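Student: One structure, as structure tokens, below. Some questions next.
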Amino acid sequence: DVLGGGVHSGGAVGQVGDRVGGRGELGLGPAEGVDDRVEVGRLAGERVAGHRGHELLQPPVDAGQGGQRRAGQGGPVRAYAFDALAALTNRFANVLPGLVLGPGDLVAVLAGRIPELYIAVLGALKNGSVVSPLFSAFGPEPIATRVRLGEGRVLVTTRELYRPKVPKVRAELPTLGHVLEVDTSEFARLMDEASEEFETARTAAEDMALLHFTSGTTGRPKGAVLDQRACCLRAYRFIIEFGIRPDDILHVTTPLFHISALVLTMTGLVRGAG
């Protein structure tokens, strides 16, 4: 039951990607149902084709308004306005086709709560890729198990996390073609050379968006799929239940490999909040 918080493979929304850097506020009209053509990424300031019940409105939200902040422990705050976040996620989305990664291919993300983590997740969703966030405290075997089960094509991580964990299991991952270390000069070059313009891939409501995994404490981890429809309905649910407004700031402290943390982050951006 998606609205009740359960996870299954036939869930709720479309494409969150376009809302990042967009100009939309989510207005809720009388609910008549959600058409199968609804996509998450189109929540970003344009009306969603085929959306019958909840109307997406466009009151002005300053593109320069703060969309995401990250404060380190005792360190500086890194703030990203919607326009900056849009440009960065578009750049990452443009990097993926160069790695022969298309819609439906899986991008695994192994990183702490750094801005590049969110840029990779949102950029991959714009590309129509499936995103699988991994817990940064995982050891080599839990990482390998999840990447192998998900048939991951690209791993996005940092040097600190990659080098002690992944090389020793890399031979067990036949589908993994590329590793992007976001704190390297090579990754910076790829991003610098990528365009800030990107047309979000169109997806169907039942297309996979996120792949999470159960803990694996009693056996092999099991995949938990959120399709495009599921992500969208969860966003509506959080907006309604918590009364999220565009001038709110959501402090999401849970690691992104938790389903609620990722969907809450996307919900705030869809709503125009920080």
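Ordering of the structure tokens sets the chain letters (A, B, ...), residue numbers begin anew at 1 in every chain, and ligands are numbered from 1 in the order given.
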Each residue of range 121-167 of chain A with at least one atom at most 9 Å from range 210-217 of chain A should appear once, together with its nearest atom pair and the corresponding distance in Å (one decimal); atoms considered: only C-alpha atoms; ordering: chain, then increasing residue number; output as JSON lines.
Tutor:
```
{"residue": "A:Leu125", "atom": "CA", "partner": "A:Leu210", "partner_atom": "CA", "distance": 8.8}
{"residue": "A:Ser129", "atom": "CA", "partner": "A:Leu210", "partner_atom": "CA", "distance": 8.8}
{"residue": "A:Val130", "atom": "CA", "partner": "A:Leu210", "partner_atom": "CA", "distance": 5.5}
{"residue": "A:Val131", "atom": "CA", "partner": "A:Leu210", "partner_atom": "CA", "distance": 4.9}
{"residue": "A:Ser132", "atom": "CA", "partner": "A:Leu211", "partner_atom": "CA", "distance": 4.8}
{"residue": "A:Pro133", "atom": "CA", "partner": "A:His212", "partner_atom": "CA", "distance": 6.9}
{"residue": "A:Leu134", "atom": "CA", "partner": "A:His212", "partner_atom": "CA", "distance": 8.1}
{"residue": "A:Pro142", "atom": "CA", "partner": "A:Gly216", "partner_atom": "CA", "distance": 8.8}
{"residue": "A:Arg146", "atom": "CA", "partner": "A:Phe213", "partner_atom": "CA", "distance": 7.4}
{"residue": "A:Gly150", "atom": "CA", "partner": "A:Leu211", "partner_atom": "CA", "distance": 7.6}
```
Student: Would you pick out the contacts of range 185-199 of chain A at 8 Å or less, using only C-alpha atoms, so that residues sharing its chain but fewer than 2 positions from it are not included, and give the list as a list in words?
Tutor: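 In the requested form, the answer reads Ala86, Ala87, Leu88, Asn90, Arg91, Phe92, Ala93, Asn94, Val95, Lys126, Leu180, Glu181, Val182, Asp183 and Ala201 of chain A.
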Student: List every residue of range 77-218 of chain A that DSSP, applied to the backbone of this structure, places in alpha helix (DSSP H), and write the result as a PyMOL selection string.
Tutor: chain A and resi 82-98+115-126+140-150+159-165+185-193
Student: Any idea what's packed within 9 Å of Ile239 in chain A, counting only C-alpha atoms, ignoring anything in its chain fewer than 6 positions away? Could you give it as a VMD selection string?
Tutor: chain A and resid 26 245 267 to 268 271
Student: Could those selected residues go to a file with N, CA and C atoms, as a PDB file, in the first residue's frame?
Tutor:
```pdb
ATOM      1  N   LEU A  26       3.402  22.928  -6.096  1.00  0.00           N
ATOM      2  CA  LEU A  26       2.455  21.847  -6.277  1.00  0.00           C
ATOM      3  C   LEU A  26       1.123  22.246  -5.686  1.00  0.00           C
ATOM      4  N   ARG A 245       5.542  23.638   2.769  1.00  0.00           N
ATOM      5  CA  ARG A 245       5.337  24.859   2.004  1.00  0.00           C
ATOM      6  C   ARG A 245       6.627  25.248   1.291  1.00  0.00           C
ATOM      7  N   THR A 267      10.730  15.336  -2.334  1.00  0.00           N
ATOM      8  CA  THR A 267       9.482  16.031  -2.034  1.00  0.00           C
ATOM      9  C   THR A 267       9.718  17.513  -1.778  1.00  0.00           C
ATOM     10  N   GLY A 268      10.739  17.820  -0.992  1.00  0.00           N
ATOM     11  CA  GLY A 268      11.034  19.222  -0.715  1.00  0.00           C
ATOM     12  C   GLY A 268      11.361  19.995  -1.964  1.00  0.00           C
ATOM     13  N   ARG A 271       8.300  20.619  -4.078  1.00  0.00           N
ATOM     14  CA  ARG A 271       7.431  21.641  -3.476  1.00  0.00           C
ATOM     15  C   ARG A 271       8.031  23.029  -3.576  1.00  0.00           C
TER      16      ARG A 271
END
```
Student: Nearest to Val154 in chain A among A:Val179, A:Leu256, A:Ala235, A:Ala124, with distances taken over only C-alpha atoms: which residue is it?
Tutor: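 Ranking A:Val179, A:Leu256, A:Ala235, A:Ala124 by distance to Val154 in chain A, first place goes to A:Val179.
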Student: Determine, counting only C-alpha atoms, which protein, DNA and RNA residues have an atom within 10 Å of an atom of Thr265 in chain A; residues of the same chain fewer than 3 positions away are not included. Present the result as a CSV table (one decimal) with all heavy atoms, in the first residue's frame.
Tutor:
```csv
chain,number,residue,atom,x,y,z
A,68,GLN,N,19.0,23.5,-1.9
A,68,GLN,CA,19.7,22.5,-1.1
A,68,GLN,C,20.8,23.1,-0.4
A,68,GLN,O,21.6,24.0,-0.9
A,68,GLN,CB,20.2,21.4,-2.0
A,68,GLN,CG,20.7,20.2,-1.2
A,68,GLN,CD,21.2,19.1,-2.1
A,68,GLN,OE1,22.3,19.3,-2.7
A,68,GLN,NE2,20.5,18.0,-2.2
A,118,TYR,N,23.5,13.9,-4.1
A,118,TYR,CA,22.2,14.3,-4.6
A,118,TYR,C,22.2,14.7,-6.1
A,118,TYR,O,21.3,14.4,-6.8
A,118,TYR,CB,21.7,15.5,-3.8
A,118,TYR,CG,21.6,15.1,-2.3
A,118,TYR,CD1,22.7,15.4,-1.4
A,118,TYR,CD2,20.5,14.5,-1.7
A,118,TYR,CE1,22.7,15.0,-0.1
A,118,TYR,CE2,20.4,14.1,-0.4
A,118,TYR,CZ,21.5,14.4,0.4
A,118,TYR,OH,21.5,14.0,1.7
A,235,ALA,N,5.5,11.6,-2.7
A,235,ALA,CA,5.7,13.1,-2.6
A,235,ALA,C,4.4,13.8,-2.3
A,235,ALA,O,4.4,14.6,-1.4
A,235,ALA,CB,6.3,13.6,-4.0
A,250,LEU,N,13.6,21.5,4.8
A,250,LEU,CA,13.5,20.2,5.3
A,250,LEU,C,14.9,19.7,5.7
A,250,LEU,O,15.9,19.8,4.9
A,250,LEU,CB,13.0,19.2,4.3
A,250,LEU,CG,11.5,19.1,4.1
A,250,LEU,CD1,10.9,20.4,3.6
A,250,LEU,CD2,11.1,18.0,3.2
A,251,HIS,N,15.1,19.3,7.0
A,251,HIS,CA,16.4,18.9,7.5
A,251,HIS,C,16.3,17.3,7.5
A,251,HIS,O,15.8,16.7,8.4
A,251,HIS,CB,16.6,19.4,8.9
A,251,HIS,CG,18.0,19.1,9.4
A,251,HIS,ND1,18.9,20.2,9.7
A,251,HIS,CD2,18.7,18.0,9.6
A,251,HIS,CE1,20.0,19.7,10.1
A,251,HIS,NE2,19.9,18.4,10.1
A,252,VAL,N,16.9,16.7,6.4
A,252,VAL,CA,16.8,15.3,6.3
A,252,VAL,C,18.1,14.7,6.7
A,252,VAL,O,19.1,14.8,6.0
A,252,VAL,CB,16.5,14.9,4.8
A,252,VAL,CG1,16.4,13.4,4.7
A,252,VAL,CG2,15.2,15.6,4.3
A,256,LEU,N,20.7,8.4,2.7
A,256,LEU,CA,19.8,8.4,1.5
A,256,LEU,C,19.4,7.0,1.1
A,256,LEU,O,18.5,6.8,0.3
A,256,LEU,CB,20.5,9.1,0.4
A,256,LEU,CG,19.6,9.9,-0.6
A,256,LEU,CD1,18.9,11.0,0.2
A,256,LEU,CD2,20.4,10.5,-1.7
A,260,SER,N,12.6,6.6,2.9
A,260,SER,CA,12.0,7.8,3.3
A,260,SER,C,12.9,9.1,3.1
A,260,SER,O,12.4,10.1,2.7
A,260,SER,CB,11.5,7.7,4.8
A,260,SER,OG,10.5,6.8,4.9
A,261,ALA,N,14.2,8.9,3.4
A,261,ALA,CA,15.1,10.0,3.2
A,261,ALA,C,15.2,10.5,1.8
A,261,ALA,O,15.1,11.7,1.5
A,261,ALA,CB,16.5,9.6,3.7
A,262,LEU,N,15.2,9.6,0.9
A,262,LEU,CA,15.4,10.0,-0.5
A,262,LEU,C,14.1,10.6,-1.0
A,262,LEU,O,14.1,11.6,-1.7
A,262,LEU,CB,15.7,8.7,-1.4
A,262,LEU,CG,15.9,9.0,-2.9
A,262,LEU,CD1,16.9,10.1,-3.1
A,262,LEU,CD2,16.4,7.7,-3.6
A,268,GLY,N,10.7,17.8,-1.0
A,268,GLY,CA,11.0,19.2,-0.7
A,268,GLY,C,11.4,20.0,-2.0
A,268,GLY,O,10.9,21.1,-2.2
A,269,LEU,N,12.1,19.4,-2.9
A,269,LEU,CA,12.5,20.1,-4.1
A,269,LEU,C,11.3,20.2,-5.0
A,269,LEU,O,11.1,21.3,-5.7
A,269,LEU,CB,13.6,19.3,-4.8
A,269,LEU,CG,15.0,19.2,-4.0
A,269,LEU,CD1,15.9,18.3,-4.7
A,269,LEU,CD2,15.6,20.6,-3.9
A,270,VAL,N,10.5,19.2,-5.1
A,270,VAL,CA,9.2,19.3,-5.9
A,270,VAL,C,8.4,20.4,-5.4
A,270,VAL,O,7.8,21.2,-6.2
A,270,VAL,CB,8.5,18.0,-5.8
A,270,VAL,CG1,7.1,18.1,-6.4
A,270,VAL,CG2,9.2,16.9,-6.6
A,273,ALA,N,10.7,23.8,-1.8
A,273,ALA,CA,11.3,24.1,-0.5
A,273,ALA,C,12.8,23.8,-0.5
A,273,ALA,O,13.3,23.3,-1.5
A,273,ALA,CB,10.6,23.2,0.6
A,274,GLY,N,13.4,24.2,0.6
A,274,GLY,CA,14.9,23.9,0.7
A,274,GLY,C,15.2,22.6,1.4
A,274,GLY,O,14.3,22.1,2.1
```
Student: From the options A:Ile114, A:Ala144, A:Val263, A:Arg170, which residue's atoms come nearest to Arg237 in chain A, counting only C-alpha atoms?
Tutor: A:Val263
Student: What's the 8 Å shell around range 161-167 of chain A, counting only C-alpha atoms, without same-chain residues fewer than 4 positions away, as a PyMOL selection string?
Tutor: chain A and resi 110-111+136+139-140+143-144+157+171+181
Student: Output C-alpha atoms for every residue in that selection, as a compact mmCIF listing (two decimals), in the first residue's frame.
Tutor:
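again_32.txt was written with the following content:
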```
# COMPACT_ATOMS: atom_id res chain seq x y z
CA LEU A 110 27.90 4.92 -2.65
CA ALA A 111 28.65 8.15 -0.80
CA SER A 136 28.30 4.29 2.86
CA GLY A 139 31.75 -3.38 3.47
CA PRO A 140 32.89 -5.01 0.21
CA ILE A 143 28.21 -3.61 -1.80
CA ALA A 144 29.00 -6.40 -4.25
CA THR A 157 31.38 7.03 -5.15
CA ALA A 171 35.79 -9.09 -10.50
CA GLU A 181 34.84 9.01 -8.18
```
